[in-house]
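Heads up: the structure comes next, in structure tokens.
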Amino acid sequence: MKKVNKLLFSLVMGAALMGGATSCDDFEEINFSPSAAGESYIHPDYALNKSFYEAQMDPDIAERVFVYNWASITRIIGDNTMGVTARYSNEYNDRLYSYTSNWVKYATNAINMADVNPGTSEHEQAFFPNVKQFARIWRVMLIADFADSFGPYALDAAQGVNPTFNSVEDVYVFMLTELKEAAAGINTSVEPTETEAKGDPAFGYNAAKWVKLAHSLRLRYAMRLSEVSTSKIDVKAEFADAASKSLLTSADDFFSFPEAGGWSCYEGVMNRPWNDQCISSTMCNLLTGLGDIPVTSYRPDLAPYIKPMNYIGEQYVNHYPVTTDNPTKQLWMDGIPEHLDPRALKVWCLTNDEKAENFPDQGSQGVKNHAEHAMLDPTDPEKKLVKIDAQFTWNGYPAGTRSAWSTETFKFNDVLGSMYDTTPMLGKQYRDNTARRIWMSPWETYFLLAEGALRGWTNSISAKEAYENGVRANFEYLGLSQYVNQYLASTSYNRVGTSVNFDHTVEPVSFEADYVNGYTKQAGKMTYNYPDASKILYKGGALNDQLTKIITQKYIANVPYGVVEMWNDRRRLGLPFFEIPANEGTLTGSDMEKYIQASEWKNGQKWYHYTQRMRYPTALENADKEQYQNALQLLGAEDNTMMTPLWWAIKLVDSEKIFQIKIETESFYRLKFS
């Protein structure tokens with residue numbers, strides 16, 4: 001069998017094996033003719049188009065990986081893991097592992113096909129070499145998501161040999177090299193035919209945009225290594241070189257794919273009606289008060305529910321746990337803060353807010369009509385019921401768990417009751433298949449440039465200008481440009497002590513706040529304390545310095561599609577502020593069982609308070625024990641735990657605690673899996 005026919009056989013078999021996960025006949029008809037024979041029909045873009053399509057995630061993997069793992073870990077949403085970790089499942093992890101293998105295989109096939117089939121026309125002979133470079137760039141993105149989720153990756157996968165795992169450092173050397181070479185190899189004068197362009201729903205095979213993408217990705221992956229002390233890569237030089245090239249910075253420079261209905265890979269990644277698409281307490285704290293824009297300036301009808309900024313809500317000491325550094329712990333906001341980041345109600349929809357343009361369809365996207373609840377105070381000898389009304393209130397799903405009372409006791413959120421009833425949920429535009437899944441955006445490019453400038457890695461643009469351009473790009477995308485100048489000038493703090501104005505770096509101080517006793521309804525005053533900057537994970541030890549501003553804005557702008565990058569920044573820098581999960585006993589159901597005890601929050605934040613990676617699925621160990629052990633050795637772990645930091649991640653913790661965790665974890669896993 002000729003080499004080219006082997007490649008064709010591989011593509012056909014791959015499509016057949018994945019047939020159960022696809023149902024997009026029009027796409028297949030455009031890109032592959034199974035009855036065709038001969039080298040002229042083996043177009044490299046057919047394989048690349050297949051990889052694009054599959055990687056958008058059908059509802060099976062989207063729910064299990066994008067929502068239950070990535071979005072949960074990054075606290076875009078709150079869910080029934082209480083913001084502690086992902087919903088660990090070996091089955092779910094296997095989805096990402098095995099599916100990514102197929103996506104990479106199709107991209108690799110495209111690269112190989114371009115080498116063996118030079119094309120039969122002058123146009124193909126110019127277009128196919130470009131497709132090869134596009135496939136190299138795309139494959140890097142797929143490999144990066146794998147390595148950033150699991151750790152070590154086999155770079156020789158899909159090459160017809162038994163794969164051997166490579167270290168995360170070597171994976172990054174490969175990725176940055178691929179991107180630089182691929183960008184240099186693209187001929188920007190070559191235009192695709194109308195039919196060819198349909199196979200790339202992101203860029204329509206626009207060569208100039210693919211070059212921009214490659215260089216913006218170089219910024220992304222070089223910046224990932226900012227905290228690594230020694231590396232085979234000259235990170236500063238790599239970043240500076242990429243920053244000097246054409247980048248994704250224009251309003252139409254989105255590398256994104258359309259979401260569509262039907263059970264296909266273009267189904268929206270966050271549109272399952274039963275998913276927990278409700279805002280987290282982390283996100284609520286970041287958005288509250290940020291930017292000084294009154295909610296009534298864009299929603300005057302919400303005036304009856306508005307609360308002044310010095311009011312922090314009702315306090316429920318018997319129901320919310322105290323064992324966390326969340327500055328709003330034990331508080332429930334019985335209304336809407338006077339000032340919210342204007343993006344808050346664009347992305348999230350308040351309970352029962354049927355006048356909102358982003359109010360989800362109740363029949364298909366969750367019931368929102370039961371916001372009134374009664375809860376029992378188990379400390380009350382008379383066992384009186386405390387009633388709440390959660391409609392038009394601004395509260396997030398808290399990170400942590402309440403061991404003292406059952407969920408029947410307390411009907412807030414879902415630690416407390418039904419999330420669909422008591423917290424804002426993701427707007428309909430992300431749930432009704434009308435948005436585009438964004439893989440790389442202009443604002444991310446700008447925020448990367450801002451961080452690079454702040455570090456002195458480049459002087460192509462100032463840190464302030466790049467930062468403000470990033471905010472402007474996101475506001476423009478959401479149709480909020482009329483508020484951006486006022487927003488950028490604001491020096492007011494959000495609930496974790498960060499303001500917007502780039503030059504305003506004064507640290508926040510405690511203030512006297514109004515509150516109400518949730519049980520007696522008696523008004524009172526208390527001191528509102530921002531997080532203790534000396535105890536946060538971020539090594540800068542500040543709540544309002546310029547790097548904190550950059551990453552906070554990047555985090556907010558990337559909602560909801562930039563989940564992996566949000567997780568990466570959190571692991572790399574400890575930014576933005578994530579509260580330590582509340583815990584009154586021992587967390588169960590995750591690898592944090594041996595990491596977070598009830599008093600842990602008092603000692604300050606550590607990297608082991610937050611999920612570091614996804615476990616390799618057992619299928620890898622069963623299929624190749626030698627390479628499974630090799631992967632763990634390269635990871636620097638004896639166990640396949642979710643709490644082992646990746647090579648580039650922050651690891652600020654004392655050696656005694658590391659030793660203690662190592663011993664306890666080894667004992668735990670020997671007991672659990674023996």
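By convention here, the chains of the structure tokens are called A, B, ... in the order presented, each chain's residues are numbered starting at 1, and ligands are numbered starting at 1 in the order presented.
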Extract, using only C-alpha atoms, all DNA, RNA and protein residues at most 9 Å from Leu248 in chain A, discarding same-chain residues fewer than 5 positions from it, and format them as a PDB file with C-alpha atoms, in the first residue's frame.
```pdb
ATOM      1  CA  LYS A 209      -4.953  35.954  10.368  1.00  0.00           C
ATOM      2  CA  LYS A 212      -1.386  36.730  13.720  1.00  0.00           C
ATOM      3  CA  LEU A 213      -2.748  33.791  15.684  1.00  0.00           C
ATOM      4  CA  HIS A 215       2.363  35.144  17.169  1.00  0.00           C
ATOM      5  CA  SER A 216      -0.368  35.837  19.751  1.00  0.00           C
ATOM      6  CA  ASP A 253      -9.440  39.249  15.130  1.00  0.00           C
ATOM      7  CA  PHE A 254     -11.240  36.484  16.982  1.00  0.00           C
ATOM      8  CA  PHE A 255     -10.160  32.900  16.566  1.00  0.00           C
ATOM      9  CA  MET A 440      -8.088  33.426  21.210  1.00  0.00           C
ATOM     10  CA  SER A 441      -9.262  37.034  21.461  1.00  0.00           C
ATOM     11  CA  PRO A 442      -7.849  40.535  20.901  1.00  0.00           C
ATOM     12  CA  TRP A 443      -8.199  41.343  24.608  1.00  0.00           C
ATOM     13  CA  GLU A 444      -6.057  38.376  25.603  1.00  0.00           C
ATOM     14  CA  THR A 445      -3.340  39.602  23.250  1.00  0.00           C
ATOM     15  CA  TYR A 446      -3.495  43.051  24.849  1.00  0.00           C
TER      16      TYR A 446
END
```
Assign secondary structure with DSSP using the backbone only, and return the residues of range 205-262 of chain A in helix (DSSP H, G or I) as number ranges by chain.
A: 207-223, 235-243
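Taking CA of Leu426 in chain A as the reference point, CA of Asn544 in chain A is found at 27.6 Å.
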I'd like to know which residues of range 145-371 of chain A are strand (DSSP E or B) (by DSSP, run on the backbone); could you write them as a PyMOL selection string?
chain A and resi 153+166+255-258+278-280+288+294+306-307+311-315+331-332+336-337+339-340+348-349
Write out as JSON, numbers by chain the residues lying within 10 Å of Gly452 in chain A, counting only C-alpha atoms and excluding same-chain residues fewer than 6 positions away.
{"A": [219, 222, 223, 226, 236, 239, 240, 243, 446, 458, 459, 460, 461, 462, 463, 466]}
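The shortest atom-to-atom distance to Tyr311 in chain A, with only C-alpha atoms taken into account, belongs to A:Asp514 out of A:Glu468, A:Asp380, A:Asp514, A:Glu338.
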Rank nothing, just name the residue among A:Arg431, A:Leu632, A:Thr552, A:Glu579 nearest to Met566 in chain A, using only C-alpha atoms.
A:Thr552
Taking only C-alpha atoms into account, produce a table as a Markdown table in which each residue of range 217-321 of chain A with an atom at most 10 Å from an atom of range 556-562 of chain A appears once, together with its shortest atom pair and the distance in Å to one decimal, ordered by chain and rising number.
```
| residue | atom | partner | partner_atom | distance |
| --- | --- | --- | --- | --- |
| A:Ser256 | CA | A:Tyr561 | CA | 9.9 |
| A:Val269 | CA | A:Tyr561 | CA | 8.6 |
| A:Met270 | CA | A:Pro560 | CA | 8.6 |
| A:Met283 | CA | A:Ile556 | CA | 8.1 |
| A:Leu286 | CA | A:Ile556 | CA | 8.2 |
| A:Leu287 | CA | A:Ile556 | CA | 8.1 |
```
Can I get the selection written as a PDB file, in the first residue's frame, with N, CA and C atoms?
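The resulting part.pdb:
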```
ATOM      1  N   SER A 256     -12.415  32.046  16.657  1.00  0.00           N
ATOM      2  CA  SER A 256     -13.605  31.513  17.314  1.00  0.00           C
ATOM      3  C   SER A 256     -14.418  30.683  16.340  1.00  0.00           C
ATOM      4  N   VAL A 269     -20.849  24.690  24.131  1.00  0.00           N
ATOM      5  CA  VAL A 269     -20.163  23.935  25.181  1.00  0.00           C
ATOM      6  C   VAL A 269     -20.814  24.108  26.549  1.00  0.00           C
ATOM      7  N   MET A 270     -21.627  25.157  26.727  1.00  0.00           N
ATOM      8  CA  MET A 270     -22.227  25.402  28.044  1.00  0.00           C
ATOM      9  C   MET A 270     -23.744  25.483  27.964  1.00  0.00           C
ATOM     10  N   MET A 283     -16.482  34.929  41.619  1.00  0.00           N
ATOM     11  CA  MET A 283     -16.819  35.848  40.542  1.00  0.00           C
ATOM     12  C   MET A 283     -17.640  37.021  41.050  1.00  0.00           C
ATOM     13  N   LEU A 286     -15.410  39.624  42.690  1.00  0.00           N
ATOM     14  CA  LEU A 286     -14.597  40.364  41.730  1.00  0.00           C
ATOM     15  C   LEU A 286     -15.410  41.433  41.011  1.00  0.00           C
ATOM     16  N   LEU A 287     -16.665  41.143  40.701  1.00  0.00           N
ATOM     17  CA  LEU A 287     -17.495  42.048  39.908  1.00  0.00           C
ATOM     18  C   LEU A 287     -18.184  43.123  40.742  1.00  0.00           C
TER      19      LEU A 287
END
```
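Each of A:Tyr519, A:Phe577, A:Trp601, A:Trp648 was compared to Glu314 in chain A using only C-alpha atoms, and A:Tyr519 turns out to be the nearest.
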Which residues of range 394-498 of chain A have any atom within 10 Å of an atom in range 190-207 of chain A when counting only C-alpha atoms, and what is the closest pair of atoms for each, with the distance in Å to one decimal? Order the rows by chain and rising number and write it as JSON lines.
```
{"residue": "A:Arg436", "atom": "CA", "partner": "A:Ala202", "partner_atom": "CA", "distance": 9.2}
{"residue": "A:Arg437", "atom": "CA", "partner": "A:Ala202", "partner_atom": "CA", "distance": 9.6}
{"residue": "A:Ile438", "atom": "CA", "partner": "A:Ala202", "partner_atom": "CA", "distance": 9.2}
{"residue": "A:Trp439", "atom": "CA", "partner": "A:Ala202", "partner_atom": "CA", "distance": 9.5}
```
Restrict the selected residues to N, CA and C atoms and save them as a PDB file, in the first residue's frame.
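Heads up, here's the output in out10.pdb:
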```pdb
ATOM      1  N   ARG A 436     -20.282  32.376  19.689  1.00  0.00           N
ATOM      2  CA  ARG A 436     -19.138  31.707  19.082  1.00  0.00           C
ATOM      3  C   ARG A 436     -18.158  31.351  20.195  1.00  0.00           C
ATOM      4  N   ARG A 437     -17.686  30.113  20.182  1.00  0.00           N
ATOM      5  CA  ARG A 437     -16.700  29.703  21.176  1.00  0.00           C
ATOM      6  C   ARG A 437     -15.357  30.334  20.840  1.00  0.00           C
ATOM      7  N   ILE A 438     -14.851  31.156  21.752  1.00  0.00           N
ATOM      8  CA  ILE A 438     -13.620  31.909  21.511  1.00  0.00           C
ATOM      9  C   ILE A 438     -12.416  31.114  22.009  1.00  0.00           C
ATOM     10  N   TRP A 439     -11.433  30.921  21.141  1.00  0.00           N
ATOM     11  CA  TRP A 439     -10.188  30.251  21.491  1.00  0.00           C
ATOM     12  C   TRP A 439      -9.057  31.255  21.732  1.00  0.00           C
TER      13      TRP A 439
END
```
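The shortest atom-to-atom distance to Tyr430 in chain A, with only C-alpha atoms taken into account, belongs to A:Asn271 out of A:Asn485, A:Gln522, A:Asn271, A:Asn109.
Considering the residues A:Cys265, A:Ala158, A:Leu573, A:Ala473 and counting only C-alpha atoms, Phe52 in chain A has its shortest atom-to-atom contact with A:Cys265.
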